[in-house]
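Next comes upload-v7.cif, with mmCIF, C-alpha atoms.
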data_data
loop_
_atom_site.label_atom_id
_atom_site.label_comp_id
_atom_site.auth_asym_id
_atom_site.auth_seq_id
_atom_site.Cartn_x
_atom_site.Cartn_y
_atom_site.Cartn_z
CA MET A 1 -6.73 -0.18 7.21
CA ARG A 2 -10.40 -0.98 6.73
CA LEU A 3 -9.99 -0.92 2.95
CA TRP A 4 -6.87 -3.10 3.20
CA LYS A 5 -8.83 -5.68 5.22
CA ARG A 6 -11.74 -5.62 2.77
CA ALA A 7 -9.40 -6.11 -0.18
CA GLY A 8 -7.75 -9.09 1.54
CA ALA A 9 -11.10 -10.64 2.38
CA ALA A 10 -12.02 -10.41 -1.30
CA GLY A 11 -8.75 -12.08 -2.34
CA ARG A 12 -7.31 -8.80 -3.62
CA GLU A 13 -4.25 -6.73 -2.77
CA LEU A 14 -4.26 -3.01 -2.11
CA VAL A 15 -1.18 -1.23 -3.48
CA LEU A 16 -0.13 2.41 -3.75
CA LEU A 17 0.92 3.61 -7.16
CA ARG A 18 3.68 6.25 -7.09
CA PRO A 19 2.85 7.81 -3.71
CA HIS A 20 4.29 11.22 -2.87
CA PRO A 21 7.76 10.79 -1.28
CA ARG A 22 6.53 12.18 2.04
CA VAL A 23 3.67 9.69 2.10
CA ALA A 24 6.12 6.86 1.38
CA GLN A 25 8.37 8.11 4.19
CA VAL A 26 5.53 8.20 6.73
CA LEU A 27 4.37 4.73 5.72
CA ALA A 28 7.91 3.40 6.13
CA MET A 29 8.35 5.10 9.52
CA THR A 30 5.09 3.59 10.80
CA ALA A 31 5.76 0.17 9.21
CA LEU A 32 2.54 0.46 7.20
CA ASP A 33 4.58 -0.11 4.05
CA HIS A 34 4.46 -3.81 5.00
CA TYR A 35 0.70 -3.72 4.45
CA LEU A 36 0.53 -1.24 1.58
CA PRO A 37 3.16 -2.08 -1.04
CA MET A 38 4.27 0.82 -3.22
CA HIS A 39 4.97 0.50 -6.95
CA ASP A 40 6.15 2.84 -9.70
CA THR A 41 3.99 0.96 -12.22
CA LEU A 42 1.07 -1.41 -11.94
CA PRO A 43 2.14 -5.02 -11.29
CA ALA A 44 1.47 -7.37 -14.20
#
For this file, produce the structure as structure tokens.
Amino acid sequence: MRLWKRAGAAGRELVLLRPHPRVAQVLAMTALDHYLPMHDTLPA
């Protein structure tokens, strides 16, 4: 979460690119997917 906060303070967004399905599941179960968006490709 420290890195997420630093990215936000710098006007940036931290995203996860193609995380392992188990990682995505854990993030969803803990509601951290609201803070760390997951993408299959880099956003434009």
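Across the model, the gap from CA of Lys5 in chain A to CA of Arg18 in chain A is 21.2 Å.
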List as a PDB file with C-alpha atoms, in the frame of the given file the protein and nucleic acid residues near range 20-25 of chain A, meaning an atom at most 12 Å away when only C-alpha atoms are counted, but skip any in the same chain fewer than 2 places from it.
ATOM      1  CA  VAL A  15      -1.180  -1.230  -3.480  1.00  0.00           C
ATOM      2  CA  LEU A  16      -0.130   2.410  -3.750  1.00  0.00           C
ATOM      3  CA  LEU A  17       0.920   3.610  -7.160  1.00  0.00           C
ATOM      4  CA  ARG A  18       3.680   6.250  -7.090  1.00  0.00           C
ATOM      5  CA  LEU A  27       4.370   4.730   5.720  1.00  0.00           C
ATOM      6  CA  ALA A  28       7.910   3.400   6.130  1.00  0.00           C
ATOM      7  CA  MET A  29       8.350   5.100   9.520  1.00  0.00           C
ATOM      8  CA  THR A  30       5.090   3.590  10.800  1.00  0.00           C
ATOM      9  CA  ALA A  31       5.760   0.170   9.210  1.00  0.00           C
ATOM     10  CA  LEU A  32       2.540   0.460   7.200  1.00  0.00           C
ATOM     11  CA  ASP A  33       4.580  -0.110   4.050  1.00  0.00           C
ATOM     12  CA  HIS A  34       4.460  -3.810   5.000  1.00  0.00           C
ATOM     13  CA  LEU A  36       0.530  -1.240   1.580  1.00  0.00           C
ATOM     14  CA  PRO A  37       3.160  -2.080  -1.040  1.00  0.00           C
ATOM     15  CA  MET A  38       4.270   0.820  -3.220  1.00  0.00           C
ATOM     16  CA  HIS A  39       4.970   0.500  -6.950  1.00  0.00           C
ATOM     17  CA  ASP A  40       6.150   2.840  -9.700  1.00  0.00           C
TER      18      ASP A  40
END
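What the PyMOL selection byres ((chain A and resi 3) around 12) grabs from this file is Met1, Arg2, Trp4, Lys5, Arg6, Ala7, Gly8, Ala9, Ala10, Arg12, Glu13, Leu14, Val15, Tyr35 and Leu36 of chain A.
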